[in-house]
file upload_21.txt (compact mmCIF, C-alpha atoms)
# COMPACT_ATOMS: atom_id res chain seq x y z
CA MET Y 1 -48.97 44.77 31.14
CA LEU Y 2 -51.66 44.91 33.77
CA ALA Y 3 -54.74 43.66 31.96
CA ASN Y 4 -57.94 44.34 33.89
CA TYR Y 5 -61.09 42.46 32.99
CA GLY Y 6 -64.43 43.04 34.61
CA TYR Y 7 -66.65 45.85 35.73
CA LYS Y 8 -67.88 48.09 38.47
CA ASP Y 9 -71.55 48.26 39.29
CA GLY Y 10 -73.78 49.34 42.16
CA SER Y 11 -72.74 46.32 44.23
CA GLY Y 12 -68.98 46.71 43.95
CA GLU Y 13 -65.88 46.34 41.81
CA TYR Y 14 -65.19 43.04 40.11
CA PHE Y 15 -61.91 42.92 38.24
CA ILE Y 16 -59.51 40.11 37.46
CA THR Y 17 -56.05 41.54 36.86
CA ILE Y 18 -53.46 39.61 34.90
CA ASP Y 19 -49.87 40.83 34.97
CA THR Y 20 -48.65 39.62 31.58
CA ASP Y 21 -45.04 40.58 32.37
CA LYS Y 22 -45.00 38.16 35.31
CA CYS Y 23 -46.93 35.46 33.41
CA ASP Y 24 -44.80 32.56 32.13
CA SER Y 25 -47.47 31.29 29.70
CA CYS Y 26 -47.82 27.92 31.46
CA GLY Y 27 -51.59 27.89 31.04
CA LYS Y 28 -52.31 26.24 34.39
CA CYS Y 29 -54.81 28.95 35.36
CA ALA Y 30 -56.95 28.17 32.31
CA GLU Y 31 -56.73 24.45 33.03
CA VAL Y 32 -57.84 24.69 36.65
CA CYS Y 33 -60.60 27.28 36.15
CA PRO Y 34 -63.81 25.30 36.81
CA PRO Y 35 -66.16 27.46 34.65
CA LYS Y 36 -63.43 27.78 31.96
CA ILE Y 37 -63.56 31.55 31.69
CA LEU Y 38 -59.79 31.89 31.15
CA ALA Y 39 -58.15 31.17 27.81
CA LEU Y 40 -54.48 31.19 26.82
CA VAL Y 41 -54.04 33.15 23.57
CA ALA Y 42 -51.51 35.40 21.80
CA ASP Y 43 -51.78 38.72 23.67
CA PRO Y 44 -54.45 40.74 21.82
CA PHE Y 45 -53.27 43.95 23.51
CA ASP Y 46 -49.70 43.58 22.29
CA PRO Y 47 -50.00 42.63 18.61
CA LEU Y 48 -46.26 42.76 17.94
CA SER Y 49 -45.47 40.12 20.53
CA GLU Y 50 -46.16 36.42 20.12
CA LYS Y 51 -46.27 35.62 23.82
CA GLU Y 52 -49.32 33.68 24.90
CA VAL Y 53 -51.10 35.00 27.96
CA PRO Y 54 -54.40 34.17 29.65
CA LEU Y 55 -57.40 36.45 29.33
CA VAL Y 56 -60.96 36.43 30.57
CA ILE Y 57 -63.05 35.46 27.56
CA GLU Y 58 -65.17 38.31 26.25
CA ALA Y 59 -68.60 36.82 26.91
CA GLU Y 60 -67.70 36.34 30.59
CA ARG Y 61 -66.35 39.81 31.36
CA LYS Y 62 -69.77 41.17 32.25
CA LYS Y 63 -70.62 38.51 34.83
CA ILE Y 64 -67.49 37.47 36.70
CA LYS Y 65 -69.08 38.33 40.04
CA TYR Y 66 -71.41 35.38 39.50
CA THR Y 67 -69.20 33.05 37.46
CA CYS Y 68 -66.32 33.34 39.93
CA GLY Y 69 -68.66 33.21 42.91
CA PRO Y 70 -68.42 29.45 43.56
CA CYS Y 71 -64.60 29.67 43.65
CA LYS Y 72 -64.56 32.41 46.28
CA PRO Y 73 -63.29 30.78 49.48
CA VAL Y 74 -65.34 31.17 52.64
CA ASP Y 75 -62.26 30.16 54.59
CA LYS Y 76 -59.58 32.89 54.36
CA SER Y 77 -56.74 30.35 54.48
CA LYS Y 78 -57.65 29.16 50.97
CA THR Y 79 -57.36 31.02 47.66
CA GLU Y 80 -59.11 30.86 44.31
CA PRO Y 81 -57.89 28.02 42.02
CA CYS Y 82 -56.52 30.35 39.29
CA ILE Y 83 -54.54 32.39 41.82
CA GLU Y 84 -53.36 29.22 43.57
CA ALA Y 85 -52.20 27.64 40.28
CA CYS Y 86 -50.20 30.68 39.18
CA GLU Y 87 -46.60 30.18 40.28
CA PRO Y 88 -45.34 33.64 39.28
CA CYS Y 89 -48.34 35.21 41.12
CA ALA Y 90 -49.58 37.06 38.05
CA ILE Y 91 -53.31 36.87 38.80
CA THR Y 92 -55.25 38.95 41.30
CA HIS Y 93 -58.93 39.48 41.98
CA SER Y 94 -60.19 42.85 43.19
CA TRP Y 95 -62.86 41.32 45.44
CA MET J 96 -74.65 65.10 4.76
CA ALA J 97 -76.69 68.18 5.56
CA THR J 98 -77.46 69.03 9.13
CA THR J 99 -81.06 69.84 9.73
CA ASP J 100 -82.27 71.84 12.69
CA SER J 101 -83.78 68.78 14.31
CA GLU J 102 -80.60 66.72 14.27
CA TYR J 103 -78.66 68.18 17.16
CA TRP J 104 -76.66 65.01 17.70
CA ARG J 105 -75.27 64.99 14.16
CA TRP J 106 -71.57 65.79 14.13
CA LYS J 107 -69.70 66.64 10.98
CA GLU J 108 -68.58 63.78 8.76
CA TYR J 109 -65.60 64.59 6.56
CA ASN J 110 -62.50 63.37 4.81
CA TRP J 111 -59.02 64.85 4.62
CA LYS J 112 -55.76 64.29 2.77
CA ASP J 113 -52.33 65.88 2.94
CA PRO J 114 -51.91 67.72 -0.38
CA GLU J 115 -48.12 67.82 0.05
CA MET J 116 -47.76 64.05 0.00
CA ASP J 117 -47.80 61.64 -2.94
CA TRP J 118 -48.38 57.92 -2.49
CA ASN J 119 -46.30 57.19 -5.61
CA ASP J 120 -43.18 58.13 -3.62
CA ALA J 121 -43.98 55.86 -0.70
CA GLU J 122 -42.39 52.52 0.06
CA PHE J 123 -45.00 51.49 2.62
CA ILE J 124 -48.70 52.15 2.15
CA THR J 125 -50.74 50.85 5.07
CA ALA J 126 -54.14 51.58 6.59
CA GLY J 127 -56.25 51.19 9.68
CA VAL J 128 -60.04 51.03 9.80
CA ASP J 129 -61.80 51.64 13.10
CA VAL J 130 -65.43 50.54 12.98
CA GLY J 131 -66.75 51.87 16.26
CA SER J 132 -70.19 51.63 17.76
CA VAL J 133 -71.07 55.18 16.73
CA SER J 134 -68.40 56.36 14.28
CA SER J 135 -66.05 54.76 11.75
CA GLN J 136 -62.70 56.02 10.56
CA ALA J 137 -60.24 54.92 7.90
CA VAL J 138 -56.66 56.21 8.05
CA ILE J 139 -54.02 55.74 5.35
CA ILE J 140 -50.37 56.33 6.17
CA LEU J 141 -47.35 56.53 3.87
CA ASP J 142 -44.09 55.25 5.38
CA GLY J 143 -45.59 55.78 8.84
CA LYS J 144 -46.79 59.36 8.17
CA LEU J 145 -50.43 60.42 8.14
CA TYR J 146 -51.64 60.84 4.55
CA ALA J 147 -55.44 60.65 4.37
CA TYR J 148 -58.43 59.80 6.52
CA SER J 149 -62.18 59.84 6.75
CA ASN J 150 -64.51 60.07 9.72
CA MET J 151 -68.15 59.10 9.43
CA ARG J 152 -71.07 57.57 11.24
CA THR J 153 -71.27 53.78 11.57
CA GLY J 154 -74.26 52.26 9.81
CA SER J 155 -76.11 49.09 10.70
CA SER J 156 -73.66 46.93 8.75
CA SER J 157 -70.02 46.82 9.88
CA PRO J 158 -68.63 45.61 6.51
CA ASP J 159 -70.43 48.42 4.68
CA SER J 160 -69.30 51.03 7.22
CA ALA J 161 -65.71 49.83 6.82
CA LYS J 162 -65.94 49.96 3.02
CA ASN J 163 -67.59 53.39 3.00
CA ALA J 164 -64.99 54.86 5.37
CA MET J 165 -62.14 53.40 3.31
CA ASN J 166 -63.57 54.57 -0.01
CA TRP J 167 -64.06 58.04 1.36
CA ALA J 168 -60.48 58.20 2.65
CA LEU J 169 -59.27 57.07 -0.78
CA GLU J 170 -61.38 59.68 -2.59
CA ASP J 171 -59.34 62.09 -4.75
CA THR J 172 -56.06 60.39 -3.85
CA GLY J 173 -55.91 58.28 -7.03
CA LEU J 174 -54.92 55.44 -4.74
CA GLU J 175 -56.73 52.10 -4.95
CA ILE J 176 -57.39 49.73 -2.10
CA GLU J 177 -55.40 46.96 -3.84
CA LYS J 178 -52.27 49.08 -3.54
CA ILE J 179 -52.51 49.21 0.23
CA GLN J 180 -50.09 46.60 1.48
CA TYR J 181 -51.61 45.85 4.86
CA VAL J 182 -54.89 46.83 6.51
CA VAL J 183 -55.69 46.50 10.20
CA GLY J 184 -59.28 46.48 11.42
CA THR J 185 -60.09 47.72 14.91
CA GLY J 186 -63.05 48.79 17.05
CA TYR J 187 -66.30 47.00 17.84
CA GLY J 188 -66.72 45.84 14.25
CA ARG J 189 -63.08 44.84 13.76
CA VAL J 190 -63.79 41.24 12.83
CA ASN J 191 -66.20 42.41 10.15
CA VAL J 192 -63.78 44.45 8.05
CA PRO J 193 -63.76 42.39 4.83
CA PHE J 194 -60.48 43.74 3.43
CA ALA J 195 -58.48 43.69 6.68
CA ASP J 196 -55.39 41.52 6.97
CA ARG J 197 -55.69 41.43 10.72
CA ALA J 198 -57.96 42.60 13.54
CA ILE J 199 -56.39 44.29 16.57
CA THR J 200 -58.11 45.41 19.77
CA GLU J 201 -58.93 49.10 20.02
CA ILE J 202 -57.05 49.39 23.30
CA ALA J 203 -53.76 48.47 21.60
CA CYS J 204 -54.57 50.77 18.64
CA HIS J 205 -55.53 53.78 20.77
CA GLY J 206 -52.31 53.46 22.76
CA ARG J 207 -50.26 53.37 19.58
CA GLY J 208 -52.29 56.12 17.87
CA ALA J 209 -52.06 58.45 20.86
CA ASN J 210 -48.29 57.96 20.91
CA TYR J 211 -48.14 59.28 17.32
CA MET J 212 -50.64 62.10 17.82
CA TYR J 213 -49.44 63.42 21.16
CA GLY J 214 -45.82 62.29 21.11
CA PRO J 215 -43.86 59.68 23.07
CA SER J 216 -44.26 61.47 26.41
CA VAL J 217 -47.88 60.27 26.72
CA ARG J 218 -48.28 57.83 29.59
CA THR J 219 -52.02 57.84 30.22
CA VAL J 220 -54.64 57.76 27.49
CA LEU J 221 -58.34 58.01 28.09
CA ASP J 222 -60.35 56.88 25.09
CA MET J 223 -63.86 58.23 25.34
CA GLY J 224 -65.70 56.36 22.64
CA GLY J 225 -69.23 56.13 21.44
CA GLN J 226 -70.29 53.38 23.81
CA ASP J 227 -67.44 52.77 26.20
CA CYS J 228 -64.51 54.43 27.93
CA LYS J 229 -61.10 52.93 28.27
CA ALA J 230 -58.27 54.01 30.52
CA ILE J 231 -54.91 53.01 29.04
CA ARG J 232 -51.32 53.39 30.26
CA THR J 233 -48.56 53.28 27.67
CA ASP J 234 -44.77 53.37 27.46
CA GLU J 235 -42.69 55.68 25.26
CA ARG J 236 -43.26 53.44 22.23
CA GLY J 237 -47.02 53.45 22.60
CA LYS J 238 -47.11 49.90 23.92
CA VAL J 239 -49.90 49.27 26.43
CA THR J 240 -48.62 48.75 29.98
CA ALA J 241 -52.01 48.62 31.70
CA PHE J 242 -55.63 49.05 30.77
CA LEU J 243 -59.01 49.21 32.41
CA MET J 244 -62.51 49.56 31.10
CA ASN J 245 -65.94 48.92 32.46
CA ASP J 246 -67.33 46.03 30.46
CA LYS J 247 -70.78 46.31 31.91
CA CYS J 248 -71.64 49.96 31.68
CA ALA J 249 -71.60 52.47 28.84
CA ALA J 250 -72.49 55.49 30.95
CA GLY J 251 -70.65 58.71 30.27
CA THR J 252 -69.89 58.08 26.61
CA GLY J 253 -70.39 59.83 23.29
CA ARG J 254 -73.78 58.32 22.62
CA GLY J 255 -75.00 59.67 25.96
CA MET J 256 -73.88 63.15 24.98
CA GLU J 257 -75.73 62.83 21.67
CA VAL J 258 -78.90 61.92 23.55
CA PHE J 259 -78.48 65.04 25.71
CA ALA J 260 -77.82 67.28 22.72
CA ASP J 261 -81.05 66.04 21.23
CA LEU J 262 -83.04 66.38 24.45
CA LEU J 263 -81.88 69.94 25.09
CA GLY J 264 -81.85 71.07 21.48
CA ILE J 265 -78.23 72.20 21.60
CA HIS J 266 -75.95 71.12 18.77
CA ILE J 267 -73.44 68.40 19.77
CA GLU J 268 -70.47 70.52 18.69
CA LYS J 269 -71.61 73.36 20.98
CA VAL J 270 -72.60 71.47 24.14
CA GLY J 271 -69.14 71.88 25.68
CA GLU J 272 -69.13 75.69 25.52
CA GLU J 273 -72.80 75.93 26.44
CA SER J 274 -72.23 73.91 29.61
CA PHE J 275 -70.04 76.73 30.99
CA LYS J 276 -72.73 79.36 30.60
CA VAL J 277 -73.93 78.90 34.16
CA GLU J 278 -73.68 81.24 37.12
CA LYS J 279 -72.62 78.52 39.48
CA GLU J 280 -71.57 74.94 38.79
CA PRO J 281 -74.57 72.74 39.66
CA PRO J 282 -74.17 69.38 41.42
CA PRO J 283 -73.73 66.52 38.94
CA VAL J 284 -76.79 64.50 37.95
CA SER J 285 -76.88 61.49 40.26
CA SER J 286 -77.09 58.83 37.59
CA THR J 287 -74.62 58.52 34.75
CA CYS J 288 -76.66 55.80 33.04
CA VAL J 289 -77.86 57.47 29.84
CA VAL J 290 -81.48 56.43 30.23
CA PHE J 291 -81.76 57.37 33.91
CA ALA J 292 -79.76 60.57 33.44
CA LYS J 293 -82.15 61.57 30.68
CA SER J 294 -85.16 60.98 32.96
CA GLU J 295 -83.42 62.99 35.68
CA ALA J 296 -82.68 65.81 33.22
CA THR J 297 -86.29 65.89 32.07
CA GLY J 298 -87.29 66.28 35.73
CA LEU J 299 -84.80 69.11 36.24
CA LEU J 300 -86.09 70.93 33.16
CA ARG J 301 -89.59 70.62 34.53
CA GLU J 302 -88.39 72.14 37.81
CA GLY J 303 -87.27 75.12 35.79
CA TRP J 304 -83.52 74.53 35.41
CA PRO J 305 -82.13 76.30 32.34
CA LYS J 306 -80.75 74.03 29.61
CA ASN J 307 -77.14 75.08 30.20
CA LYS J 308 -77.36 74.16 33.86
CA VAL J 309 -78.70 70.71 33.03
CA LEU J 310 -75.89 70.28 30.55
CA ALA J 311 -73.32 71.37 33.14
CA ALA J 312 -74.72 68.81 35.59
CA TYR J 313 -74.47 66.06 32.98
CA CYS J 314 -70.95 67.00 31.85
CA SER J 315 -69.68 66.93 35.41
CA ALA J 316 -71.36 63.57 36.10
CA MET J 317 -69.65 62.19 33.01
CA ALA J 318 -66.30 63.67 34.05
CA HIS J 319 -66.60 62.25 37.55
CA ARG J 320 -67.38 58.81 36.26
CA VAL J 321 -64.32 58.57 34.02
CA VAL J 322 -62.10 60.05 36.71
CA THR J 323 -62.98 57.13 39.01
CA LEU J 324 -61.97 54.78 36.19
CA LEU J 325 -58.68 56.64 35.68
CA GLU J 326 -57.91 56.77 39.36
CA ARG J 327 -58.35 53.04 39.71
CA LEU J 328 -55.71 52.55 37.02
CA GLY J 329 -53.47 55.38 38.23
CA VAL J 330 -52.79 58.53 36.21
CA GLU J 331 -49.28 59.43 35.18
CA LYS J 332 -48.28 62.47 33.11
CA GLU J 333 -48.52 63.20 30.21
CA PHE J 334 -52.25 62.69 29.94
CA ALA J 335 -54.24 62.66 26.70
CA ILE J 336 -57.85 62.07 25.73
CA THR J 337 -58.85 60.41 22.46
CA GLY J 338 -62.24 59.73 20.90
CA GLY J 339 -65.16 62.03 20.22
CA ILE J 340 -65.63 63.38 23.74
CA ALA J 341 -62.08 64.80 23.62
CA LYS J 342 -63.64 67.53 21.45
CA ASN J 343 -66.12 68.45 24.16
CA ILE J 344 -64.46 71.05 26.40
CA GLY J 345 -67.36 70.83 28.84
CA VAL J 346 -66.26 67.31 29.78
CA VAL J 347 -62.51 67.74 29.18
CA LYS J 348 -62.13 70.80 31.44
CA ARG J 349 -64.11 69.13 34.20
CA ILE J 350 -61.94 65.98 34.00
CA GLU J 351 -58.81 68.18 34.16
CA LYS J 352 -60.18 70.03 37.16
CA GLU J 353 -61.01 66.87 39.04
CA LEU J 354 -57.68 65.17 38.24
CA GLY J 355 -55.64 68.33 38.76
CA ILE J 356 -53.72 67.83 35.50
CA THR J 357 -54.11 69.23 32.02
CA ALA J 358 -54.75 67.04 29.00
CA LEU J 359 -52.41 67.46 26.05
CA ASP J 360 -53.70 69.51 23.16
CA VAL J 361 -53.61 68.25 19.59
CA LYS J 362 -54.38 69.59 16.12
CA LEU J 363 -55.34 66.21 14.69
CA ASP J 364 -58.86 64.83 14.96
CA THR J 365 -59.03 62.89 18.25
CA GLN J 366 -61.51 60.45 16.71
CA ILE J 367 -58.91 58.98 14.35
CA ALA J 368 -56.56 57.71 17.11
CA GLY J 369 -57.77 54.10 16.84
CA ALA J 370 -57.57 53.84 13.05
CA LEU J 371 -54.23 55.66 13.06
CA GLY J 372 -52.84 53.19 15.60
CA GLY J 373 -54.17 50.39 13.40
CA ALA J 374 -52.37 51.81 10.37
CA LEU J 375 -49.12 52.05 12.36
CA PHE J 376 -49.44 48.43 13.48
CA ALA J 377 -50.20 47.53 9.86
CA LYS J 378 -46.85 48.99 8.83
CA ALA J 379 -44.97 47.13 11.57
CA LEU J 380 -46.73 43.86 10.74
CA TRP J 381 -46.15 44.25 7.00
CA GLU J 382 -42.44 44.85 7.56
CA LYS J 383 -42.28 41.84 9.87
CA GLN J 384 -44.03 39.72 7.25
CA GLN J 385 -41.64 40.88 4.51
CA LYS J 386 -38.61 40.09 6.66
CA ALA J 387 -39.95 36.63 7.42
CA GLY J 388 -40.29 36.15 3.66

call {"tool": "encode", "arguments": {"input": "upload_21.txt", "output": "structure tokens"}}
result
Amino acid sequence: MLANYGYKDGSGEYFITIDTDKCDSCGKCAEVCPPKILALVADPFDPLSEKEVPLVIEAERKKIKYTCGPCKPVDKSKTEPCIEACEPCAITHSW
Amino acid sequence: MATTDSEYWRWKEYNWKDPEMDWNDAEFITAGVDVGSVSSQAVIILDGKLYAYSNMRTGSSSPDSAKNAMNWALEDTGLEIEKIQYVVGTGYGRVNVPFADRAITEIACHGRGANYMYGPSVRTVLDMGGQDCKAIRTDERGKVTAFLMNDKCAAGTGRGMEVFADLLGIHIEKVGEESFKVEKEPPPVSSTCVVFAKSEATGLLREGWPKNKVLAAYCSAMAHRVVTLLERLGVEKEFAITGGIAKNIGVVKRIEKELGITALDVKLDTQIAGALGGALFAKALWEKQQKAG
């Protein structure tokens, strides 16, 4: 499942996409996230499965442009910590 | 509740049951309660088949809205809430359904409910709710494969349409048809934000625009906004719309035109999709629980 969290406003599109099929439930993304906006929980969008997947916690979904701001690399050779930590490459940011 | 002339936003609240079915013959009796931001529904299913439901306005208290919707769905069935084996709560107020065995997100429930209502060929579901819109992709079993919503903006939703019905003095159940009574399709209003769109509409009325033209401009702004959401997710056939706005042909036809595909038609009330999905999950979870002992 491609779970998109975030929003679009006058300044742009801010979505964090988590591919729960690729995810191996290791939880490293949640561990390395400095503002702790990711949490590993039983997938709320697939109630019949018990697989744990990360999600962007509800209170943060409206402000990821700002919360994720400090992690956005100025230098293109670097990537965001959550993306970097994800071995199966299940996390993407739209901006 | 009676509709008075001044309450243009007020849509019909009602309950329904299948007179051919008897809960005494059923092995599984499960229910879903969808406490939305604007409307609440309770759906009862027998062995996975739709039996009874209610659809009413959400009050200020989620637990009371859930109870009222459930009691209304149970009315005249002779069935008591204690006999329902498993209840799933969904929607904005899902954690406040006192008699629910579990709360499930509305995205999962709408995907599952649409699969029942429109059949397994549905791949894209657009839920146009009271205060948000969700674009959902599902597989042939109704399982969500992708979803997208705008967590920051409630533009282009049912509540916005209610505000417009009230402003223009056209009943909410007629706004769709009325929006086509224009000589030429006007450009959409530039803001989809309910408050700004209302200011813009007031300005247009002052300029002398007829009501229908203003309505057409708002419907197409709303359609355009959800189409951008859908296009970001990717639209695959078959396409279905759930929620209250699915009953508004003024918006539905404009979405179809912009996307270039037709939305599936359904006889069931599109507002019950969430609660129906909840009831179907309730059955699956109850069976799972029984197996686990």

call {"tool": "atom_distance", "arguments": {"input": "upload_21.txt", "atom1": "atom CA of Met1 of chain Y", "atom2": "atom CA of Gly253 of chain J"}}
result
27.3 Å

call {"tool": "closest_atom_pairs", "arguments": {"input": "upload_21.txt", "of": "chain Y", "to": "chain J", "cutoff": "9 Å", "atoms": "all atoms listed in the file", "output": "CSV"}}
result
residue,atom,partner,partner_atom,distance
Y:Met1,CA,J:Thr240,CA,4.2
Y:Leu2,CA,J:Ala241,CA,4.3
Y:Ala3,CA,J:Phe242,CA,5.6
Y:Asn4,CA,J:Leu243,CA,5.2
Y:Tyr5,CA,J:Leu243,CA,7.1
Y:Gly6,CA,J:Asp246,CA,5.9
Y:Tyr7,CA,J:Asn245,CA,4.5
Y:Lys8,CA,J:Asn245,CA,6.4
Y:Asp9,CA,J:Lys247,CA,7.7
Y:Asp19,CA,J:Ala241,CA,8.7
Y:Pro44,CA,J:Thr200,CA,6.3
Y:Phe45,CA,J:Ala203,CA,4.9
Y:Asp46,CA,J:Ala203,CA,6.4
Y:Pro47,CA,J:Ile199,CA,6.9
Y:Leu48,CA,J:Leu380,CA,7.3
Y:Arg61,CA,J:Asp246,CA,6.4
Y:Lys62,CA,J:Lys247,CA,5.2
Y:Lys63,CA,J:Lys247,CA,8.3

call {"tool": "atom_distance", "arguments": {"input": "upload_21.txt", "atom1": "atom CA of Asp129 of chain J", "atom2": "atom CA of Thr185 of chain J"}}
result
4.6 Å

call {"tool": "residues_around", "arguments": {"input": "upload_21.txt", "residues": "Arg207 of chain J", "least_positions_apart": "5", "cutoff": "10 Å", "atoms": "only C-alpha atoms", "output": "number ranges by chain"}}
result
J: 201-202, 212, 215, 233-239, 368-376

call {"tool": "atom_distance", "arguments": {"input": "upload_21.txt", "atom1": "atom CA of Ile16 of chain Y", "atom2": "atom CA of Ser315 of chain J"}}
result
28.8 Å

call {"tool": "axis_aligned_box", "arguments": {"input": "upload_21.txt", "around": "segment 32-49 of chain Y", "padding_each_side": "8 Å", "output": "AutoDock Vina command-line options"}}
result
--center_x -55.8 --center_y 34.3 --center_z 27.4 --size_x 36.7 --size_y 35.3 --size_z 34.9

call {"tool": "residues_around", "arguments": {"input": "upload_21.txt", "residues": "Asp24 of chain Y", "least_positions_apart": "4", "cutoff": "9 Å", "atoms": "all atoms listed in the file", "output": "PyMOL selection string"}}
result
chain Y and resi 20+51-53+87-88+90

call {"tool": "closest_residue", "arguments": {"input": "upload_21.txt", "among": "J:Leu325, J:Gly339, J:Leu299, J:Leu174", "to": "Ser134 of chain J", "atoms": "all atoms listed in the file"}}
result
J:Gly339

call {"tool": "residues_around", "arguments": {"input": "upload_21.txt", "residues": "Ile344 of chain J", "least_positions_apart": "2", "cutoff": "9 Å", "atoms": "all atoms listed in the file", "output": "number ranges by chain"}}
result
J: 270-272, 274, 340-342, 346-349

call {"tool": "residues_around", "arguments": {"input": "upload_21.txt", "residues": "Cys68 of chain Y", "least_positions_apart": "6", "cutoff": "12 Å", "atoms": "all atoms listed in the file", "output": "ChimeraX atom specification"}}
result
/Y:6,14-16,33-38,56,60-62,80-83,93-95

call {"tool": "residues_around", "arguments": {"input": "upload_21.txt", "residues": "segment 254-268 of chain J", "least_positions_apart": "4", "cutoff": "8 Å", "atoms": "only C-alpha atoms", "output": "PyMOL selection string"}}
result
chain J and resi 101-106+133+225-226+250+289+293+306+310+342-343

call {"tool": "closest_residue", "arguments": {"input": "upload_21.txt", "among": "J:Ile176, J:Met223, J:Val192, J:Ile367", "to": "Ala137 of chain J", "atoms": "all atoms listed in the file"}}
result
J:Ile367

call {"tool": "build_atoms", "arguments": {"input": "upload_21.txt", "residues": "segment 219-238 of chain J", "atoms": "N, CA and C atoms", "output": "PDB file, in the frame of the given file"}}
result
ATOM      1  N   THR J 219     -50.642  58.232  29.910  1.00  0.00           N
ATOM      2  CA  THR J 219     -52.020  57.840  30.220  1.00  0.00           C
ATOM      3  C   THR J 219     -52.940  58.325  29.099  1.00  0.00           C
ATOM      4  N   VAL J 220     -53.706  57.403  28.557  1.00  0.00           N
ATOM      5  CA  VAL J 220     -54.640  57.760  27.490  1.00  0.00           C
ATOM      6  C   VAL J 220     -56.046  57.380  27.950  1.00  0.00           C
ATOM      7  N   LEU J 221     -56.955  58.310  27.795  1.00  0.00           N
ATOM      8  CA  LEU J 221     -58.340  58.010  28.090  1.00  0.00           C
ATOM      9  C   LEU J 221     -59.084  58.050  26.757  1.00  0.00           C
ATOM     10  N   ASP J 222     -59.589  56.902  26.341  1.00  0.00           N
ATOM     11  CA  ASP J 222     -60.350  56.880  25.090  1.00  0.00           C
ATOM     12  C   ASP J 222     -61.814  56.962  25.445  1.00  0.00           C
ATOM     13  N   MET J 223     -62.431  58.074  25.063  1.00  0.00           N
ATOM     14  CA  MET J 223     -63.860  58.230  25.340  1.00  0.00           C
ATOM     15  C   MET J 223     -64.617  57.980  24.044  1.00  0.00           C
ATOM     16  N   GLY J 224     -65.060  56.776  23.888  1.00  0.00           N
ATOM     17  CA  GLY J 224     -65.700  56.360  22.640  1.00  0.00           C
ATOM     18  C   GLY J 224     -67.190  56.568  22.621  1.00  0.00           C
ATOM     19  N   GLY J 225     -67.795  55.994  21.607  1.00  0.00           N
ATOM     20  CA  GLY J 225     -69.230  56.130  21.440  1.00  0.00           C
ATOM     21  C   GLY J 225     -70.002  55.376  22.502  1.00  0.00           C
ATOM     22  N   GLN J 226     -69.544  54.174  22.835  1.00  0.00           N
ATOM     23  CA  GLN J 226     -70.290  53.380  23.810  1.00  0.00           C
ATOM     24  C   GLN J 226     -69.457  52.791  24.927  1.00  0.00           C
ATOM     25  N   ASP J 227     -68.201  53.149  25.006  1.00  0.00           N
ATOM     26  CA  ASP J 227     -67.440  52.770  26.200  1.00  0.00           C
ATOM     27  C   ASP J 227     -66.251  53.705  26.403  1.00  0.00           C
ATOM     28  N   CYS J 228     -65.687  53.630  27.589  1.00  0.00           N
ATOM     29  CA  CYS J 228     -64.510  54.430  27.930  1.00  0.00           C
ATOM     30  C   CYS J 228     -63.408  53.474  28.325  1.00  0.00           C
ATOM     31  N   LYS J 229     -62.216  53.785  27.900  1.00  0.00           N
ATOM     32  CA  LYS J 229     -61.100  52.930  28.270  1.00  0.00           C
ATOM     33  C   LYS J 229     -59.980  53.771  28.817  1.00  0.00           C
ATOM     34  N   ALA J 230     -59.431  53.334  29.963  1.00  0.00           N
ATOM     35  CA  ALA J 230     -58.270  54.010  30.520  1.00  0.00           C
ATOM     36  C   ALA J 230     -57.068  53.148  30.166  1.00  0.00           C
ATOM     37  N   ILE J 231     -56.062  53.762  29.554  1.00  0.00           N
ATOM     38  CA  ILE J 231     -54.910  53.010  29.040  1.00  0.00           C
ATOM     39  C   ILE J 231     -53.617  53.667  29.507  1.00  0.00           C
ATOM     40  N   ARG J 232     -52.653  52.864  29.947  1.00  0.00           N
ATOM     41  CA  ARG J 232     -51.320  53.390  30.260  1.00  0.00           C
ATOM     42  C   ARG J 232     -50.374  52.863  29.197  1.00  0.00           C
ATOM     43  N   THR J 233     -49.479  53.713  28.723  1.00  0.00           N
ATOM     44  CA  THR J 233     -48.560  53.280  27.670  1.00  0.00           C
ATOM     45  C   THR J 233     -47.124  53.663  27.998  1.00  0.00           C
ATOM     46  N   ASP J 234     -46.176  52.997  27.317  1.00  0.00           N
ATOM     47  CA  ASP J 234     -44.770  53.370  27.460  1.00  0.00           C
ATOM     48  C   ASP J 234     -44.390  54.335  26.338  1.00  0.00           C
ATOM     49  N   GLU J 235     -43.103  54.665  26.230  1.00  0.00           N
ATOM     50  CA  GLU J 235     -42.690  55.680  25.260  1.00  0.00           C
ATOM     51  C   GLU J 235     -42.834  55.218  23.806  1.00  0.00           C
ATOM     52  N   ARG J 236     -43.037  53.911  23.597  1.00  0.00           N
ATOM     53  CA  ARG J 236     -43.260  53.440  22.230  1.00  0.00           C
ATOM     54  C   ARG J 236     -44.739  53.257  21.905  1.00  0.00           C
ATOM     55  N   GLY J 237     -45.588  53.590  22.837  1.00  0.00           N
ATOM     56  CA  GLY J 237     -47.020  53.450  22.600  1.00  0.00           C
ATOM     57  C   GLY J 237     -47.540  52.066  22.917  1.00  0.00           C
ATOM     58  N   LYS J 238     -46.691  51.244  23.536  1.00  0.00           N
ATOM     59  CA  LYS J 238     -47.110  49.900  23.920  1.00  0.00           C
ATOM     60  C   LYS J 238     -47.928  49.986  25.213  1.00  0.00           C
TER      61      LYS J 238
END
